[in-house]
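Chemist: Dropping in work-v7.txt, which is compact mmCIF, C-alpha atoms:
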# COMPACT_ATOMS: atom_id res chain seq x y z
CA MET A 16 134.96 85.55 104.40
CA SER A 17 132.61 87.59 102.31
CA THR A 18 133.77 88.61 98.85
CA PHE A 19 130.69 90.78 98.33
CA ARG A 20 130.08 94.30 99.56
CA THR A 21 127.56 93.99 102.35
CA THR A 22 125.05 96.45 103.71
CA LEU A 23 125.90 97.08 107.38
CA GLN A 24 123.36 99.65 108.49
CA ASP A 25 120.75 100.44 111.04
CA VAL A 26 117.45 99.16 109.69
CA GLY A 27 115.44 101.81 111.50
CA ALA A 28 113.04 103.70 109.25
CA ALA A 29 110.55 106.50 109.31
CA PRO A 30 107.08 105.92 110.81
CA GLY A 31 104.76 104.29 108.31
CA ALA A 32 107.58 102.56 106.43
CA GLY A 33 106.98 99.05 105.14
CA VAL A 34 108.68 95.79 106.10
CA LEU A 35 111.23 96.27 103.30
CA GLU A 36 112.68 99.25 105.18
CA THR A 37 112.06 98.18 108.77
CA ARG A 38 112.84 94.46 108.69
CA LEU A 39 114.68 93.40 105.53
CA THR A 40 117.04 95.92 103.95
CA GLY A 41 117.07 99.29 105.67
CA LEU A 42 116.55 100.83 102.24
CA SER A 43 113.51 102.81 101.25
CA THR A 44 111.26 101.31 98.62
CA GLU A 45 112.58 103.89 96.14
CA GLU A 46 116.24 103.09 96.92
CA PHE A 47 115.67 99.36 96.70
CA ALA A 48 113.77 99.69 93.41
CA ARG A 49 116.42 101.95 91.89
CA ASP A 50 119.61 100.21 92.99
CA VAL A 51 118.84 96.56 93.79
CA TRP A 52 115.50 95.13 92.62
CA ALA A 53 115.95 92.46 89.92
CA ARG A 54 119.56 93.64 89.39
CA LYS A 55 121.93 92.24 92.00
CA PRO A 56 122.13 90.42 95.34
CA LEU A 57 122.02 92.40 98.57
CA LEU A 58 123.32 91.20 101.92
CA THR A 59 122.05 93.06 104.99
CA ARG A 60 123.70 92.20 108.29
CA ARG A 61 121.68 92.30 111.51
CA ALA A 62 118.57 93.36 109.63
CA SER A 63 116.13 92.35 112.35
CA ASP A 64 115.24 89.92 115.11
CA PHE A 65 112.96 87.45 113.36
CA SER A 66 111.99 85.42 116.44
CA ASP A 67 108.47 86.86 116.20
CA LEU A 68 108.06 85.27 112.76
CA PHE A 69 109.51 81.78 113.11
CA SER A 70 111.69 79.60 115.33
CA ALA A 71 113.02 76.11 115.96
CA GLU A 72 110.03 75.58 118.25
CA ALA A 73 107.71 76.45 115.37
CA VAL A 74 109.39 73.76 113.27
CA ASP A 75 108.71 71.11 115.93
CA GLU A 76 105.12 72.33 116.37
CA LEU A 77 104.35 72.13 112.66
CA ILE A 78 105.92 68.72 112.15
CA SER A 79 104.71 66.93 115.27
CA ARG A 80 101.36 68.51 116.23
CA ARG A 81 99.63 70.18 113.27
CA GLY A 82 98.76 67.11 111.20
CA LEU A 83 100.36 68.55 108.06
CA ARG A 84 100.22 66.61 104.81
CA THR A 85 102.31 66.68 101.70
CA PRO A 86 103.10 68.89 99.85
CA PHE A 87 103.42 71.14 102.91
CA LEU A 88 106.75 69.42 103.52
CA ARG A 89 109.43 67.86 101.36
CA VAL A 90 112.72 66.27 102.34
CA ALA A 91 116.03 66.58 100.50
CA LYS A 92 119.46 65.08 100.92
CA ASP A 93 122.63 65.41 98.85
CA GLY A 94 120.79 67.21 96.06
CA SER A 95 117.90 64.75 95.75
CA THR A 96 114.32 64.92 97.01
CA LEU A 97 113.15 61.87 98.96
CA PRO A 98 109.88 60.08 98.04
CA ASP A 99 106.88 61.23 100.08
CA ALA A 100 106.17 57.66 101.19
CA THR A 101 109.42 57.62 103.19
CA PHE A 102 108.21 60.27 105.64
CA THR A 103 104.39 60.01 105.67
CA SER A 104 101.94 57.56 107.21
CA SER A 105 98.29 57.03 108.11
CA ALA A 106 96.51 59.58 110.27
CA GLY A 107 95.19 56.83 112.54
CA VAL A 108 91.78 56.07 114.03
CA GLY A 109 88.87 58.08 112.70
CA ALA A 110 90.65 59.48 109.65
CA THR A 111 91.05 58.31 106.09
CA ILE A 112 94.21 60.32 105.42
CA SER A 113 97.22 58.28 104.42
CA ASP A 114 99.86 60.96 103.84
CA GLN A 115 100.23 62.92 107.05
CA LEU A 116 103.74 63.70 108.21
CA ASP A 117 105.33 60.92 110.24
CA ASP A 118 107.41 62.68 112.89
CA THR A 119 109.42 59.55 113.74
CA ALA A 120 110.41 59.00 110.11
CA LEU A 121 111.26 62.69 109.77
CA TRP A 122 113.41 62.59 112.89
CA ARG A 123 115.36 59.65 111.50
CA ALA A 124 115.83 61.33 108.13
CA PHE A 125 116.93 64.58 109.78
CA ALA A 126 119.39 62.76 112.05
CA ASP A 127 120.79 61.13 108.91
CA GLY A 128 121.54 64.51 107.32
CA ALA A 129 118.34 65.34 105.40
CA THR A 130 117.02 68.88 105.04
CA LEU A 131 113.36 69.48 105.96
CA VAL A 132 111.54 72.00 103.78
CA LEU A 133 108.30 73.35 105.20
CA GLN A 134 106.46 74.75 102.19
CA ALA A 135 103.76 77.41 101.83
CA LEU A 136 104.17 78.65 105.39
CA GLN A 137 101.98 81.61 104.50
CA ARG A 138 99.12 79.10 104.79
CA THR A 139 100.20 77.24 107.93
CA TRP A 140 101.98 79.70 110.24
CA GLY A 141 100.15 82.93 111.02
CA PRO A 142 103.05 85.33 111.70
CA VAL A 143 104.78 84.32 108.47
CA GLY A 144 101.54 84.68 106.52
CA GLU A 145 100.91 88.18 107.89
CA PHE A 146 104.49 89.26 107.17
CA GLY A 147 104.36 87.87 103.64
CA ALA A 148 101.08 89.66 102.97
CA ARG A 149 102.60 92.98 104.07
CA LEU A 150 105.65 92.44 101.88
CA SER A 151 103.47 91.47 98.91
CA ALA A 152 101.39 94.61 99.32
CA GLN A 153 104.54 96.73 99.40
CA LEU A 154 106.24 95.10 96.40
CA GLY A 155 103.13 94.50 94.28
CA HIS A 156 104.13 90.89 93.58
CA PRO A 157 102.87 87.62 95.19
CA VAL A 158 104.94 86.19 98.07
CA GLN A 159 105.34 82.57 99.14
CA ALA A 160 107.25 81.41 102.24
CA ASN A 161 109.26 78.23 102.82
CA ALA A 162 111.44 77.23 105.80
CA TYR A 163 114.62 75.21 105.31
CA VAL A 164 115.81 73.21 108.30
CA THR A 165 119.28 71.75 107.76
CA PRO A 166 121.28 69.57 110.19
CA PRO A 167 124.93 70.42 110.93
CA GLN A 168 127.46 70.11 108.10
CA SER A 169 124.74 69.20 105.61
CA ARG A 170 123.54 70.52 102.26
CA GLY A 171 120.03 69.83 101.01
CA PHE A 172 120.34 71.05 97.41
CA ASP A 173 123.14 71.44 94.90
CA ALA A 174 123.81 74.75 93.15
CA HIS A 175 120.70 75.89 91.27
CA TYR A 176 118.69 78.98 90.46
CA ASP A 177 115.11 79.93 91.23
CA VAL A 178 112.60 81.38 88.78
CA HIS A 179 111.48 83.89 91.41
CA ASP A 180 113.31 86.45 93.54
CA VAL A 181 113.99 85.52 97.17
CA PHE A 182 114.66 87.10 100.53
CA VAL A 183 116.55 84.67 102.79
CA LEU A 184 116.00 85.37 106.50
CA GLN A 185 118.38 83.50 108.80
CA ILE A 186 116.39 82.40 111.85
CA ALA A 187 118.72 80.08 113.80
CA GLY A 188 122.20 78.65 113.39
CA THR A 189 124.61 79.64 110.65
CA LYS A 190 124.77 78.76 106.97
CA ARG A 191 127.43 79.34 104.35
CA TRP A 192 126.12 80.63 101.03
CA LEU A 193 127.88 80.47 97.68
CA VAL A 194 126.29 82.68 95.02
CA HIS A 195 127.30 82.78 91.34
CA GLU A 196 126.17 85.01 88.50
CA PRO A 197 123.31 83.77 86.28
CA VAL A 198 123.74 81.46 83.32
CA GLN A 199 120.15 82.33 82.27
CA PRO A 200 119.38 85.93 83.29
CA ASP A 201 115.78 86.61 84.36
CA PRO A 202 114.41 83.10 83.73
CA LEU A 203 110.68 82.76 83.21
CA ARG A 204 108.61 80.35 85.29
CA ASP A 205 108.82 77.64 82.62
CA GLN A 206 112.63 77.96 82.32
CA PRO A 207 113.90 76.01 85.38
CA TRP A 208 117.56 75.50 86.19
CA THR A 209 117.34 71.87 85.09
CA ASP A 210 117.12 73.16 81.49
CA HIS A 211 120.71 74.39 81.97
CA ARG A 212 122.01 71.72 84.32
CA SER A 213 125.49 71.41 82.79
CA ALA A 214 126.00 75.19 82.53
CA VAL A 215 124.88 75.62 86.16
CA ALA A 216 127.30 72.92 87.34
CA GLU A 217 130.18 74.47 85.39
CA ALA A 218 129.45 77.99 86.67
CA ALA A 219 129.25 76.71 90.25
CA ARG A 220 132.84 75.43 89.97
CA GLY A 221 134.10 78.94 89.26
CA ALA A 222 134.84 81.83 91.60
CA ALA A 223 131.79 82.87 93.62
CA HIS A 224 130.28 86.32 93.37
CA LEU A 225 129.37 85.97 97.03
CA ASP A 226 130.85 83.60 99.62
CA THR A 227 129.49 84.43 103.05
CA VAL A 228 128.02 83.02 106.24
CA LEU A 229 124.55 84.10 107.32
CA GLU A 230 123.91 84.46 111.04
CA PRO A 231 120.59 84.95 112.85
CA GLY A 232 119.07 88.28 111.83
CA ASP A 233 120.91 88.51 108.49
CA VAL A 234 118.97 88.87 105.23
CA LEU A 235 120.12 87.96 101.72
CA TYR A 236 118.19 89.12 98.66
CA LEU A 237 118.73 87.21 95.38
CA PRO A 238 117.09 88.11 92.07
CA ARG A 239 115.76 85.20 90.03
CA GLY A 240 118.41 83.39 88.02
CA TRP A 241 121.31 83.86 90.43
CA LEU A 242 122.93 80.51 91.25
CA HIS A 243 123.17 79.54 94.89
CA ALA A 244 123.98 76.67 97.21
CA ALA A 245 124.02 76.68 101.01
CA GLU A 246 125.47 74.46 103.73
CA ALA A 247 124.79 74.42 107.47
CA LEU A 248 127.91 74.80 109.58
CA GLY A 249 128.36 73.84 113.23
CA GLY A 250 124.72 73.57 114.30
CA VAL A 251 121.19 73.21 112.99
CA SER A 252 120.31 75.99 110.55
CA VAL A 253 116.79 77.34 110.14
CA HIS A 254 116.07 79.99 107.53
CA LEU A 255 112.98 81.42 105.89
CA THR A 256 112.88 81.96 102.16
CA LEU A 257 110.34 84.51 100.99
CA GLY A 258 109.80 83.77 97.30
CA ILE A 259 108.70 86.80 95.26
CA HIS A 260 106.80 85.46 92.25
CA THR A 261 107.49 88.44 90.07
CA TRP A 262 105.24 89.63 87.29
CA THR A 263 107.21 90.09 84.05
CA ARG A 264 106.72 92.05 80.85
CA TYR A 265 106.45 88.70 79.09
CA ALA A 266 103.53 87.71 81.33
CA LEU A 267 101.80 91.00 80.54
CA ALA A 268 102.43 90.41 76.82
CA GLU A 269 100.80 86.98 77.17
CA GLN A 270 97.73 88.56 78.67
CA LEU A 271 97.67 91.24 76.00
CA ALA A 272 97.76 88.53 73.33
CA GLN A 273 95.00 86.58 75.09
CA ALA A 274 92.81 89.68 75.22
CA ALA A 275 93.44 90.37 71.51
CA LEU A 276 92.66 86.78 70.50
CA ALA A 277 89.46 86.87 72.56
CA ALA A 278 88.39 89.98 70.63
CA LEU A 279 89.19 88.32 67.29
CA ARG A 280 86.72 85.54 68.05
CA ASP A 281 83.99 88.14 67.44
CA ASP A 282 85.43 89.12 64.04
CA PRO A 283 83.46 87.28 61.30
CA TRP A 284 86.34 87.60 58.82
CA MET A 285 88.76 85.92 61.25
CA ARG A 286 86.31 83.07 61.82
CA SER A 287 85.87 82.45 58.10
CA THR A 288 87.37 79.44 56.34
CA LEU A 289 90.54 79.70 54.27
CA PRO A 290 89.95 79.43 50.48
CA LEU A 291 90.09 76.09 48.71
CA GLY A 292 93.44 75.07 47.36
CA VAL A 293 95.49 76.98 49.91
CA ASP A 294 98.81 75.17 50.26
CA GLY A 295 100.41 77.62 52.66
CA PRO A 296 99.64 80.65 54.83
CA ASP A 297 101.52 83.27 52.79
CA GLY A 298 98.52 84.57 50.94
CA GLU A 299 96.53 85.18 54.12
CA LEU A 300 99.17 86.31 56.62
CA GLY A 301 99.22 89.96 55.57
CA MET A 302 95.55 90.57 56.32
CA ILE A 303 95.68 88.41 59.46
CA ARG A 304 98.61 90.44 60.75
CA GLU A 305 96.64 93.63 60.18
CA HIS A 306 93.62 92.30 62.07
CA LEU A 307 95.81 90.98 64.88
CA LEU A 308 97.74 94.24 65.19
CA ALA A 309 94.48 96.19 65.34
CA ALA A 310 93.15 93.85 68.04
CA VAL A 311 96.36 94.17 70.09
CA THR A 312 96.22 97.95 69.79
CA LYS A 313 92.67 98.04 71.16
CA ALA A 314 92.98 95.20 73.70
CA ASP A 315 92.89 95.95 77.40
CA PRO A 316 94.77 93.29 79.39
CA ALA A 317 93.95 94.90 82.74
CA PRO A 318 90.99 92.61 83.59
CA LEU A 319 93.06 89.49 82.85
CA PHE A 320 95.98 90.88 84.83
CA HIS A 321 93.90 91.62 87.89
CA ARG A 322 92.12 88.25 87.74
CA ALA A 323 95.46 86.46 87.53
CA ARG A 324 96.89 88.56 90.34
CA CYS A 325 93.89 87.86 92.55
CA GLY A 326 94.23 84.14 91.84
CA GLN A 327 97.85 84.06 93.01
CA GLY A 328 97.06 84.95 96.59
CA ARG A 329 94.48 84.49 99.29
CA PRO A 330 92.67 87.01 101.47
CA ALA A 331 93.37 87.30 105.18
CA PRO A 332 91.95 84.47 107.32
CA LEU A 333 88.24 84.60 108.12
CA GLY A 334 86.82 83.03 111.29
CA PRO A 335 83.31 81.69 110.56
CA LEU A 336 82.19 81.87 114.21
CA ALA A 337 83.46 85.42 114.73
CA GLN A 338 81.83 86.40 111.46
CA LEU A 339 78.49 84.92 112.50
CA THR A 340 78.72 86.73 115.84
CA ALA A 341 79.31 90.01 113.97
CA VAL A 342 76.32 89.42 111.69
CA ASP A 343 74.00 88.47 114.55
CA GLY A 344 75.09 91.42 116.70
CA LEU A 345 75.18 93.99 113.88
CA GLY A 346 74.04 97.45 114.84
CA PRO A 347 74.83 101.09 113.98
CA ASP A 348 77.82 101.16 116.36
CA THR A 349 79.41 97.90 115.14
CA PRO A 350 82.97 98.65 113.92
CA VAL A 351 83.93 96.95 110.66
CA ARG A 352 86.73 97.17 108.10
CA LEU A 353 87.66 95.74 104.73
CA ARG A 354 89.11 92.25 104.97
CA ALA A 355 92.86 92.41 104.38
CA ALA A 356 94.57 91.16 101.22
CA LEU A 357 91.32 91.09 99.23
CA GLU A 358 92.78 92.89 96.18
CA ALA A 359 89.51 94.82 96.09
CA ARG A 360 88.85 97.03 93.05
CA LEU A 361 85.80 99.16 92.37
CA GLU A 362 85.18 99.38 88.63
CA GLY A 363 82.04 101.34 87.89
CA SER A 364 79.35 99.84 90.08
CA ARG A 365 81.11 96.46 90.52
CA LEU A 366 83.45 95.53 93.36
CA THR A 367 85.81 92.69 92.41
CA THR A 368 87.74 90.83 95.11
CA ARG A 369 89.51 87.56 95.76
CA VAL A 370 86.24 86.16 97.11
CA GLY A 371 84.06 87.16 94.15
CA TRP A 372 82.29 90.26 92.85
CA LEU A 373 79.32 92.34 93.92
CA ASP A 374 77.27 94.99 92.11
CA PHE A 375 75.99 98.05 93.96
CA SER A 376 73.43 100.77 93.50
CA GLU A 377 74.49 104.37 92.93
CA GLU A 378 73.31 105.12 96.47
CA ASP A 379 75.77 102.60 98.00
CA LEU A 380 78.83 103.45 95.90
CA PRO A 381 80.14 106.31 98.11
CA SER A 382 80.11 104.03 101.16
CA VAL A 383 81.82 101.21 99.26
CA SER A 384 84.48 103.64 98.04
CA ARG A 385 85.21 104.76 101.61
CA LEU A 386 85.74 101.16 102.71
CA LEU A 387 88.59 100.61 100.27
CA ASP A 388 91.08 102.53 102.44
CA GLY A 389 90.93 99.70 105.01
CA GLN A 390 90.06 101.97 107.93
CA ALA A 391 87.61 100.91 110.62
CA ARG A 392 84.19 102.53 110.46
CA ALA A 393 80.90 102.20 112.30
CA ALA A 394 78.21 100.29 110.45
CA GLY A 395 75.80 103.21 110.85
CA GLU A 396 78.19 105.48 108.95
CA LEU A 397 78.09 103.17 105.95
CA GLY A 398 74.56 101.80 106.17
CA VAL A 399 73.68 98.82 108.34
CA ALA A 400 72.02 96.91 105.49
CA LEU A 401 75.06 97.38 103.24
CA VAL A 402 77.42 96.30 106.00
CA GLY A 403 75.33 93.19 106.64
CA ARG A 404 75.53 92.26 102.98
CA LEU A 405 79.31 92.71 102.93
CA LEU A 406 79.81 90.78 106.16
CA ARG A 407 77.85 87.84 104.74
CA ALA A 408 79.93 87.99 101.56
CA GLY A 409 83.18 87.84 103.54
CA VAL A 410 84.27 91.25 102.27
CA LEU A 411 84.00 93.07 105.62
CA VAL A 412 85.15 91.72 108.98
CA PRO A 413 84.75 92.96 112.56
CA ALA A 414 87.27 95.76 113.10
CA GLY A 415 88.80 93.89 116.03
CA GLU A 416 89.64 90.86 113.87
Using structure tokens, write down the structure from this file.
Modeler:
Amino acid sequence: MSTFRTTLQDVGAAPGAGVLETRLTGLSTEEFARDVWARKPLLTRRASDFSDLFSAEAVDELISRRGLRTPFLRVAKDGSTLPDATFTSSAGVGATISDQLDDTALWRAFADGATLVLQALQRTWGPVGEFGARLSAQLGHPVQANAYVTPPQSRGFDAHYDVHDVFVLQIAGTKRWLVHEPVQPDPLRDQPWTDHRSAVAEAARGAAHLDTVLEPGDVLYLPRGWLHAAEALGGVSVHLTLGIHTWTRYALAEQLAQAALAALRDDPWMRSTLPLGVDGPDGELGMIREHLLAAVTKADPAPLFHRARCGQGRPAPLGPLAQLTAVDGLGPDTPVRLRAALEARLEGSRLTTRVGWLDFSEEDLPSVSRLLDGQARAAGELGVALVGRLLRAGVLVPAGE
């Protein structure tokens, strides 16, 4: 029985709406940002049919046929993670890999009550990767996807909190969730729940903020720091967790400080040696504070921010053979578009992306600017030579890809 006010609404949305509206919450981006984001849990019943994203069959495919290695999977039982060696083995003839998933060992562990955690699905299962990329673009924060596969009447992990926000998408089976209020609100990435193990255990023994059962199609949003534990009920439970690795004001402050310190390296006075006989910093701190404050005031953390943001994700997949075909067959009528999820930014005459940077002439800048909207265009409209250069760099792809 739920003790939390749920959202029971039609998740239909206006044309052009993002996955937040159409698949996860039924709320507009503005409503979600104003009333829910980073503030409180949100339970949305019958949000969507997620069979196009993931399934029990996908679990079997990934484990038994894809040749996955650790750490793309971990195994947990009764709150503990099992050693990798207990569920991996040699890849066999013709390979030198010793840590591929062993499907027989995994079957035995699963039958014995262990939870299988398929990690970083945005890299190994296309539909999940595409969905996560769309959500990341809408939220402006990186998204990672894991699948949790739990046998009946089993719990993989004890009560804990995450250092990132999550959307839980119930795919198959049912799972009971117990959610408690934070003991460490808004934890940073280096403030894991294990730093507060006793407080977490004590809070988990109290009355739950949310006690509910998720069924296929339900979605639960949890901000970072909220305690949670889940247990499969009468059958196998499969759920997707979309982890939102949120940028924080603290992270931006770190980058601001890094930019200021980098500028101070060029200040001769800051590089100079302290006077002889100095037995403490008091005599120097006043001037150093002034220099540091001036550097912080002038510092621009934007380049660091965008480099870090680019580094936390990957561009859309690129097929080398299709790309070569596009280059070899390039002509004025060839349709091309910007590769998705590139985080492309044109700053002056330089285009920075997740696959590197390129400088352009003044003549090419209007065409490059037009490409940034992601729309398909004919190579002749942009300049065949320019398009060829961008195809070879992996910045443009055939429009049909």
Chemist: Which of these residues is nearest to Ala341 (chain A), using all atoms listed in the file: A:Val402, A:Leu184, A:Leu267, A:Ile259?
Modeler: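 Smallest distance to Ala341 (chain A) is found for A:Val402.
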Chemist: May I ask for the distance between CA of Leu411 (chain A) and CA of Leu150 (chain A), given in Å to one decimal place?
Modeler: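 Separation of CA of Leu411 (chain A) and CA of Leu150 (chain A): 22.0 Å.
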Chemist: From the list A:Met302, A:Ala272, A:Val399, A:Val183, which residue is nearest Leu229 (chain A) when using only C-alpha atoms?
Modeler: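 Checking each candidate against Leu229 (chain A), we get A:Val183 as the closest.
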Chemist: One decimal, in Å: what's the spacing between CA of Leu357 (chain A) and CA of Leu387 (chain A)?
Modeler: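 These atoms are spaced 10.0 Å apart.
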Chemist: For a quick check of understanding, using all atoms listed in the file, which of A:Arg360, A:Arg385, A:Arg49, A:Arg304 has the smallest distance to Leu373 (chain A)?
Modeler: A:Arg360
Chemist: One decimal, in Å: what's the spacing between CA of Thr349 (chain A) and CA of Leu386 (chain A)?
Modeler: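 These atoms are spaced 14.3 Å apart.
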Chemist: Point out the residue among A:Gly344, A:Pro381, A:Gly82, A:Pro231 with the least atom-to-atom distance to Ser70 (chain A), counting only C-alpha atoms.
Modeler: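 Going through A:Gly344, A:Pro381, A:Gly82, A:Pro231 one by one, the smallest distance to Ser70 (chain A) is for A:Pro231.
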Chemist: Restricting the calculation to all atoms listed in the file, which member of A:Thr40, A:Thr209, A:Gln270, A:Thr227 is positioned closest to Ala314 (chain A)?
Modeler: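 Ranking A:Thr40, A:Thr209, A:Gln270, A:Thr227 by distance to Ala314 (chain A), first place goes to A:Gln270.
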Chemist: Pick from A:Arg407, A:Arg170, A:Arg60, A:Arg138: nearest to Pro330 (chain A), with only C-alpha atoms counted?
Modeler: A:Arg138
Chemist: Could you give me the axis-aligned bounding box of region 190-206 of chain A, with 6 Å of padding per side, as centre plus edge lengths in Å to one decimal, as JSON?
Modeler:
{"center_x": 118.2, "center_y": 82.1, "center_z": 94.6, "size_x": 31.3, "size_y": 21.0, "size_z": 36.7}
Chemist: Region 196-202 of chain A: which residues within 6 Å, counting all atoms listed in the file, same-chain residues fewer than 2 positions away excluded, as JSON, numbers by chain?
Modeler: {"A": [178, 206, 239, 240, 241, 242]}
Chemist: For Asp75 (chain A), find every residue with an atom within 12 Å (counting all atoms listed in the file), except residues of its own chain fewer than 3 positions away, and show them as a list in words.
Modeler: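 Selected residues are Phe69, Ser70, Ala71, Glu72, Ile78, Ser79, Arg80, Arg81, Gly82, Leu83, Leu116, Asp118, Thr119, Leu121, Trp122, Leu131, Leu133, Val164 and Val253 of chain A.
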Chemist: Counting all atoms listed in the file, what are the residues of region 357-382 of chain A within 12 Å of region 317-323 of chain A, and for each of them which pair of atoms is the nearest and at what distance in Å, to one decimal? Sort the table by chain and rising number, as JSON lines.
Modeler:
{"residue": "A:Leu357", "atom": "CA", "partner": "A:His321", "partner_atom": "CA", "distance": 11.6}
{"residue": "A:Glu358", "atom": "CA", "partner": "A:His321", "partner_atom": "CA", "distance": 8.5}
{"residue": "A:Ala359", "atom": "CA", "partner": "A:His321", "partner_atom": "CA", "distance": 9.8}
{"residue": "A:Arg360", "atom": "CA", "partner": "A:His321", "partner_atom": "CA", "distance": 9.0}
{"residue": "A:Leu361", "atom": "CA", "partner": "A:His321", "partner_atom": "CA", "distance": 11.9}
{"residue": "A:Glu362", "atom": "CA", "partner": "A:Pro318", "partner_atom": "CA", "distance": 10.2}
{"residue": "A:Thr367", "atom": "CA", "partner": "A:Arg322", "partner_atom": "CA", "distance": 9.0}
{"residue": "A:Thr368", "atom": "CA", "partner": "A:Arg322", "partner_atom": "CA", "distance": 9.0}
{"residue": "A:Arg369", "atom": "CA", "partner": "A:Arg322", "partner_atom": "CA", "distance": 8.5}
{"residue": "A:Val370", "atom": "CA", "partner": "A:Arg322", "partner_atom": "CA", "distance": 11.3}
{"residue": "A:Gly371", "atom": "CA", "partner": "A:Arg322", "partner_atom": "CA", "distance": 10.4}
{"residue": "A:Trp372", "atom": "CA", "partner": "A:Arg322", "partner_atom": "CA", "distance": 11.3}
Chemist: Neighbouring residues of Gln159 (chain A) were defined as those with any atom within 12 Å, considering all atoms listed in the file; residues of the same chain fewer than 4 positions away were excluded. Please report them as an NGL selection string.
Modeler: :A and (133-140 or 143-151 or 179-183 or 255-261 or 327-329)
Chemist: What's the 10 Å shell around region 278-286 of chain A, counting all atoms listed in the file, without same-chain residues fewer than 2 positions away, as a CSV table (one decimal) with C-alpha atoms, in the coordinates of the input?
Modeler:
chain,number,residue,atom,x,y,z
A,272,ALA,CA,97.8,88.5,73.3
A,273,GLN,CA,95.0,86.6,75.1
A,274,ALA,CA,92.8,89.7,75.2
A,275,ALA,CA,93.4,90.4,71.5
A,276,LEU,CA,92.7,86.8,70.5
A,288,THR,CA,87.4,79.4,56.3
A,289,LEU,CA,90.5,79.7,54.3
A,302,MET,CA,95.6,90.6,56.3
A,303,ILE,CA,95.7,88.4,59.5
A,306,HIS,CA,93.6,92.3,62.1
A,307,LEU,CA,95.8,91.0,64.9
A,309,ALA,CA,94.5,96.2,65.3
A,310,ALA,CA,93.2,93.8,68.0
A,311,VAL,CA,96.4,94.2,70.1
A,313,LYS,CA,92.7,98.0,71.2
A,314,ALA,CA,93.0,95.2,73.7
Chemist: Using only C-alpha atoms - which residues lie no farther than 12 Å from the point (86.3, 95.8, 105.9) in the file's frame? Write them as an mmCIF file with C-alpha atoms, in the frame of the given file.
Modeler:
data_model
loop_
_atom_site.group_PDB
_atom_site.id
_atom_site.type_symbol
_atom_site.label_atom_id
_atom_site.label_comp_id
_atom_site.auth_asym_id
_atom_site.auth_seq_id
_atom_site.Cartn_x
_atom_site.Cartn_y
_atom_site.Cartn_z
ATOM 1 C CA PRO A 330 92.670 87.010 101.470
ATOM 2 C CA ALA A 331 93.370 87.300 105.180
ATOM 3 C CA LEU A 333 88.240 84.600 108.120
ATOM 4 C CA GLN A 338 81.830 86.400 111.460
ATOM 5 C CA THR A 349 79.410 97.900 115.140
ATOM 6 C CA PRO A 350 82.970 98.650 113.920
ATOM 7 C CA VAL A 351 83.930 96.950 110.660
ATOM 8 C CA ARG A 352 86.730 97.170 108.100
ATOM 9 C CA LEU A 353 87.660 95.740 104.730
ATOM 10 C CA ARG A 354 89.110 92.250 104.970
ATOM 11 C CA ALA A 355 92.860 92.410 104.380
ATOM 12 C CA ALA A 356 94.570 91.160 101.220
ATOM 13 C CA LEU A 357 91.320 91.090 99.230
ATOM 14 C CA ALA A 359 89.510 94.820 96.090
ATOM 15 C CA THR A 368 87.740 90.830 95.110
ATOM 16 C CA SER A 382 80.110 104.030 101.160
ATOM 17 C CA VAL A 383 81.820 101.210 99.260
ATOM 18 C CA SER A 384 84.480 103.640 98.040
ATOM 19 C CA ARG A 385 85.210 104.760 101.610
ATOM 20 C CA LEU A 386 85.740 101.160 102.710
ATOM 21 C CA LEU A 387 88.590 100.610 100.270
ATOM 22 C CA ASP A 388 91.080 102.530 102.440
ATOM 23 C CA GLY A 389 90.930 99.700 105.010
ATOM 24 C CA GLN A 390 90.060 101.970 107.930
ATOM 25 C CA ALA A 391 87.610 100.910 110.620
ATOM 26 C CA ARG A 392 84.190 102.530 110.460
ATOM 27 C CA ALA A 393 80.900 102.200 112.300
ATOM 28 C CA ALA A 394 78.210 100.290 110.450
ATOM 29 C CA LEU A 397 78.090 103.170 105.950
ATOM 30 C CA LEU A 401 75.060 97.380 103.240
ATOM 31 C CA VAL A 402 77.420 96.300 106.000
ATOM 32 C CA GLY A 403 75.330 93.190 106.640
ATOM 33 C CA ARG A 404 75.530 92.260 102.980
ATOM 34 C CA LEU A 405 79.310 92.710 102.930
ATOM 35 C CA LEU A 406 79.810 90.780 106.160
ATOM 36 C CA ARG A 407 77.850 87.840 104.740
ATOM 37 C CA ALA A 408 79.930 87.990 101.560
ATOM 38 C CA GLY A 409 83.180 87.840 103.540
ATOM 39 C CA VAL A 410 84.270 91.250 102.270
ATOM 40 C CA LEU A 411 84.000 93.070 105.620
ATOM 41 C CA VAL A 412 85.150 91.720 108.980
ATOM 42 C CA PRO A 413 84.750 92.960 112.560
ATOM 43 C CA ALA A 414 87.270 95.760 113.100
ATOM 44 C CA GLY A 415 88.800 93.890 116.030
ATOM 45 C CA GLU A 416 89.640 90.860 113.870
#
